[in-house]
$ cat coords_20.tsv   # TSV, C-alpha atoms
chain	number	residue	atom	x	y	z
A	115	MET	CA	6.34	25.31	17.16
A	116	SER	CA	4.75	23.14	14.48
A	117	SER	CA	6.99	21.96	11.69
A	118	VAL	CA	5.35	24.12	9.00
A	119	ARG	CA	3.40	27.33	9.40
A	120	VAL	CA	1.91	29.29	6.54
A	121	ALA	CA	1.48	33.05	6.56
A	122	VAL	CA	0.18	35.44	3.94
A	123	ARG	CA	0.79	39.17	3.79
A	124	VAL	CA	-0.93	41.90	1.80
A	125	ARG	CA	1.31	44.73	0.69
A	126	PRO	CA	0.24	48.36	0.29
A	127	LEU	CA	-1.04	49.53	-3.08
A	128	THR	CA	1.74	50.77	-5.37
A	129	LYS	CA	1.83	54.34	-6.72
A	130	ARG	CA	0.58	53.02	-10.07
A	131	GLU	CA	-2.30	51.17	-8.43
A	132	LYS	CA	-3.26	54.33	-6.54
A	133	LEU	CA	-3.14	56.40	-9.75
A	134	LEU	CA	-5.50	53.87	-11.35
A	135	SER	CA	-7.84	54.21	-8.32
A	136	SER	CA	-7.44	50.51	-7.58
A	137	LYS	CA	-9.29	49.15	-4.58
A	138	VAL	CA	-8.03	46.73	-1.94
A	139	ILE	CA	-10.10	43.58	-2.44
A	140	ILE	CA	-8.39	41.43	0.17
A	141	HIS	CA	-9.59	41.49	3.77
A	142	MET	CA	-8.01	39.74	6.74
A	143	ARG	CA	-9.22	38.72	10.16
A	144	GLY	CA	-7.09	36.48	12.35
A	145	GLY	CA	-5.85	33.63	10.18
A	146	THR	CA	-8.53	34.14	7.54
A	147	THR	CA	-7.96	35.92	4.25
A	148	SER	CA	-10.92	36.80	2.02
A	149	ILE	CA	-10.87	38.00	-1.55
A	150	HIS	CA	-13.90	39.98	-2.66
A	151	LYS	CA	-13.90	40.55	-6.40
A	152	PRO	CA	-15.84	43.68	-7.40
A	153	SER	CA	-18.98	43.02	-9.38
A	154	SER	CA	-18.58	43.23	-13.13
A	155	GLY	CA	-22.32	43.86	-13.45
A	156	ARG	CA	-22.76	41.03	-15.96
A	157	GLY	CA	-25.13	38.79	-14.05
A	158	GLU	CA	-22.35	37.36	-11.95
A	159	LYS	CA	-23.52	35.31	-8.98
A	160	LEU	CA	-22.62	36.70	-5.55
A	161	LYS	CA	-21.01	33.38	-4.52
A	162	ASP	CA	-18.59	33.63	-7.47
A	163	ARG	CA	-17.31	37.00	-6.30
A	164	GLY	CA	-15.58	35.90	-3.11
A	165	LYS	CA	-13.23	33.28	-1.76
A	166	THR	CA	-12.01	32.71	1.78
A	167	PHE	CA	-8.78	30.97	2.79
A	168	SER	CA	-7.36	29.97	6.17
A	169	TYR	CA	-3.71	30.31	7.14
A	170	ASP	CA	-1.76	30.19	10.36
A	171	PHE	CA	-1.25	33.96	9.99
A	172	SER	CA	-2.85	36.60	7.78
A	173	PHE	CA	-0.93	39.88	7.88
A	174	ASP	CA	-2.57	43.03	6.55
A	175	SER	CA	0.07	45.59	5.60
A	176	SER	CA	-2.11	47.39	3.06
A	177	ASP	CA	-2.65	50.57	5.13
A	178	VAL	CA	-0.09	51.86	7.62
A	179	ASN	CA	-2.86	53.89	9.32
A	180	SER	CA	-5.07	50.86	9.93
A	181	PRO	CA	-5.32	49.49	13.50
A	182	THR	CA	-4.69	46.02	12.04
A	183	PHE	CA	-1.52	47.08	10.15
A	184	ALA	CA	1.17	44.37	10.34
A	185	SER	CA	4.61	45.96	10.66
A	186	GLN	CA	7.94	44.27	9.98
A	187	GLU	CA	8.38	44.04	13.76
A	188	LYS	CA	5.06	42.22	14.18
A	189	ILE	CA	5.92	39.76	11.44
A	190	PHE	CA	9.27	39.08	13.10
A	191	LYS	CA	7.63	38.60	16.51
A	192	ASP	CA	5.02	36.22	15.09
A	193	LEU	CA	7.30	34.27	12.72
A	194	GLY	CA	10.99	35.11	13.05
A	195	SER	CA	11.35	34.84	16.82
A	196	ASP	CA	10.21	31.20	16.66
A	197	VAL	CA	12.80	30.54	13.93
A	198	VAL	CA	15.53	31.85	16.25
A	199	LYS	CA	14.19	29.79	19.17
A	200	ALA	CA	13.97	26.60	17.07
A	201	ALA	CA	17.56	27.06	15.87
A	202	PHE	CA	18.76	27.21	19.48
A	203	ASP	CA	16.64	24.17	20.28
A	204	GLY	CA	18.78	22.30	17.73
A	205	PHE	CA	16.47	22.32	14.71
A	206	ASN	CA	17.29	23.30	11.15
A	207	THR	CA	15.04	26.19	10.22
A	208	CYS	CA	13.80	27.67	6.97
A	209	VAL	CA	11.82	30.71	5.94
A	210	PHE	CA	10.33	30.45	2.46
A	211	ALA	CA	8.73	33.35	0.58
A	212	TYR	CA	6.57	32.67	-2.45
A	213	GLY	CA	4.59	34.96	-4.71
A	214	GLN	CA	4.46	36.68	-8.04
A	215	THR	CA	6.78	39.51	-9.03
A	216	GLY	CA	5.89	42.69	-7.15
A	217	SER	CA	3.94	40.94	-4.40
A	218	GLY	CA	6.23	42.07	-1.56
A	219	LYS	CA	8.50	39.05	-0.97
A	220	SER	CA	11.75	41.04	-0.96
A	221	TYR	CA	10.32	43.70	1.33
A	222	THR	CA	9.05	41.09	3.79
A	223	MET	CA	12.30	39.13	3.74
A	224	MET	CA	14.86	41.98	3.57
A	225	GLY	CA	12.98	45.21	4.25
A	226	HIS	CA	15.10	48.34	3.93
A	227	LYS	CA	17.65	50.14	6.10
A	228	MET	CA	15.14	51.88	8.35
A	229	ASP	CA	12.62	49.01	8.42
A	230	LYS	CA	14.45	45.68	8.44
A	231	GLY	CA	12.74	42.54	7.19
A	232	LEU	CA	12.75	38.98	8.52
A	233	ILE	CA	16.24	37.95	7.41
A	234	PRO	CA	18.19	40.80	9.06
A	235	ARG	CA	16.07	40.51	12.21
A	236	ILE	CA	16.55	36.73	12.40
A	237	CYS	CA	20.31	37.14	11.88
A	238	GLU	CA	20.47	39.80	14.60
A	239	GLY	CA	18.51	37.51	16.92
A	240	LEU	CA	20.79	34.55	16.21
A	241	PHE	CA	24.00	36.48	16.76
A	242	GLN	CA	22.67	38.28	19.82
A	243	GLU	CA	21.77	34.93	21.38
A	244	ILE	CA	25.18	33.49	20.43
A	245	SER	CA	26.81	36.50	22.10
A	246	ASN	CA	24.69	36.03	25.24
A	247	ARG	CA	25.42	32.30	25.47
A	248	SER	CA	29.13	32.62	24.57
A	249	LYS	CA	29.97	34.31	27.84
A	250	SER	CA	30.69	30.80	29.09
A	251	ASP	CA	33.80	29.01	27.78
A	252	ALA	CA	31.88	25.71	27.78
A	253	VAL	CA	29.77	26.65	24.75
A	254	SER	CA	30.58	26.79	21.05
A	255	PHE	CA	28.35	27.42	18.05
A	256	HIS	CA	28.33	26.47	14.40
A	257	THR	CA	26.05	28.51	12.14
A	258	GLU	CA	25.33	27.92	8.46
A	259	VAL	CA	23.11	30.20	6.42
A	260	SER	CA	21.79	29.88	2.87
A	261	TYR	CA	19.95	32.54	0.93
A	262	LEU	CA	18.50	31.07	-2.24
A	263	GLU	CA	16.20	32.34	-4.93
A	264	VAL	CA	14.14	30.15	-7.24
A	265	TYR	CA	13.06	32.15	-10.28
A	266	ASN	CA	11.91	30.74	-13.61
A	267	GLU	CA	12.87	27.27	-12.37
A	268	ARG	CA	16.48	28.32	-11.76
A	269	VAL	CA	18.08	28.26	-8.33
A	270	GLN	CA	20.50	31.07	-7.42
A	271	ASP	CA	22.69	31.43	-4.34
A	272	LEU	CA	22.15	35.08	-3.36
A	273	LEU	CA	25.22	35.06	-1.10
A	274	LYS	CA	27.65	34.42	-4.00
A	275	LYS	CA	28.62	36.56	-6.96
A	276	ARG	CA	27.33	34.75	-10.00
A	277	PRO	CA	26.72	35.10	-13.69
A	278	PRO	CA	23.18	36.18	-14.55
A	279	CYS	CA	20.62	33.40	-14.99
A	280	SER	CA	20.48	34.17	-18.70
A	281	GLU	CA	24.14	33.16	-19.02
A	282	GLY	CA	23.50	29.63	-17.80
A	283	GLY	CA	24.03	30.40	-14.12
A	284	GLY	CA	22.04	28.46	-11.60
A	285	LEU	CA	22.51	25.69	-9.09
A	286	LYS	CA	21.32	22.13	-9.46
A	287	VAL	CA	18.85	20.54	-7.08
A	288	ARG	CA	19.83	16.95	-6.22
A	289	GLU	CA	18.44	14.25	-3.98
A	290	HIS	CA	20.61	12.36	-1.52
A	291	PRO	CA	19.39	8.78	-0.92
A	292	THR	CA	19.12	9.25	2.85
A	293	ASP	CA	19.30	13.01	3.51
A	294	GLY	CA	16.76	14.05	0.87
A	295	PRO	CA	16.85	17.05	-1.48
A	296	TYR	CA	19.71	19.53	-1.42
A	297	VAL	CA	21.17	22.29	-3.59
A	298	GLU	CA	24.51	21.37	-5.10
A	299	SER	CA	27.37	23.85	-4.46
A	300	ASN	CA	25.28	25.78	-1.95
A	301	ALA	CA	27.45	28.25	0.07
$ encode --input "coords_20.tsv" --output "structure tokens"
Amino acid sequence: MSSVRVAVRVRPLTKREKLLSSKVIIHMRGGTTSIHKPSSGRGEKLKDRGKTFSYDFSFDSSDVNSPTFASQEKIFKDLGSDVVKAAFDGFNTCVFAYGQTGSGKSYTMMGHKMDKGLIPRICEGLFQEISNRSKSDAVSFHTEVSYLEVYNERVQDLLKKRPPCSEGGGLKVREHPTDGPYVESNA
């Protein structure tokens, strides 16, 4: 597993977007994601209407009926299973979701009860592997988990009850001289 892999996922259109007859303008093939902006009809050049980007993974979850639909299970198999493996190989691991509000980060990371996201699946994988390996008395495990949110330049620990960000809540990011950046008071 390389040290950093980048994946992008397209979510389905929302009810509002469907009511507005919005069109999906993002197309994916392998690790390539293309954006094709519809023509405005104002003399726009064809080359200005599209952009193509390359990622390690491009997941298309825009249409559940599509043969290329990327389910939560597929995303776990492609990304999460390597996180579990790396943790048992002795590496610290991290899954980072980034995007604007409403882009599908929470669904990808947490999912819902009947369709779990990456975090519950990774946790299940970790604890299942701990259970399998703990059958021997010669093995012990130490697991630490953080679940942080960075929103409007404020860091929140999502595993602790906290005052809302608007009330001055938020953790401080510090830098240790040898260990590098860390979040102060992280659970």
$ closest_residue --input "coords_20.tsv" --among "A:Gly225, A:Gly239, A:Gly218, A:Gly145" --to "Val197 (chain A)" --atoms "all atoms listed in the file"
A:Gly239
$ axis_aligned_box --input "coords_20.tsv" --around "region 128-132 of chain A" --padding-each-side "3 Å" --output "JSON"
{"center_x": -0.7, "center_y": 52.6, "center_z": -7.7, "size_x": 11.1, "size_y": 9.6, "size_z": 10.7}
$ closest_residue --input "coords_20.tsv" --among "A:Lys227, A:Lys199, A:Arg288, A:Lys274" --to "Glu243 (chain A)" --atoms "all atoms listed in the file"
A:Lys199
$ closest_residue --input "coords_20.tsv" --among "A:Val253, A:Leu285, A:Val269, A:Val209" --to "Phe190 (chain A)" --atoms "all atoms listed in the file"
A:Val209
$ atom_distance --input "coords_20.tsv" --atom1 "CA of Gly216 (chain A)" --atom2 "CA of Leu134 (chain A)"
16.5 Å
$ atom_distance --input "coords_20.tsv" --atom1 "CA of Ala211 (chain A)" --atom2 "CA of Lys129 (chain A)"
23.3 Å
$ closest_residue --input "coords_20.tsv" --among "A:Ser117, A:Pro234, A:Ser254, A:Arg268" --to "Ala200 (chain A)" --atoms "all atoms listed in the file"
A:Ser117
$ residues_near_point --input "coords_20.tsv" --point "(12.1, 40.2, 11.6)" --cutoff "8 Å" --atoms "only C-alpha atoms" --output "count of residues only"
17
$ closest_residue --input "coords_20.tsv" --among "A:Asn206, A:Ser153, A:Ser248, A:Ser168" --to "Val120 (chain A)" --atoms "all atoms listed in the file"
A:Ser168
$ closest_residue --input "coords_20.tsv" --among "A:Glu258, A:Gly213, A:Tyr169, A:Ser176" --to "Ile140 (chain A)" --atoms "only C-alpha atoms"
A:Ser176
$ atom_distance --input "coords_20.tsv" --atom1 "CA of Glu267 (chain A)" --atom2 "CA of Arg125 (chain A)"
24.7 Å
$ residues_around --input "coords_20.tsv" --residues "Phe255 (chain A)" --least-positions-apart "3" --cutoff "10 Å" --atoms "only C-alpha atoms" --output "list in words"
Phe202, Ile244, Arg247 and Ser248 of chain A
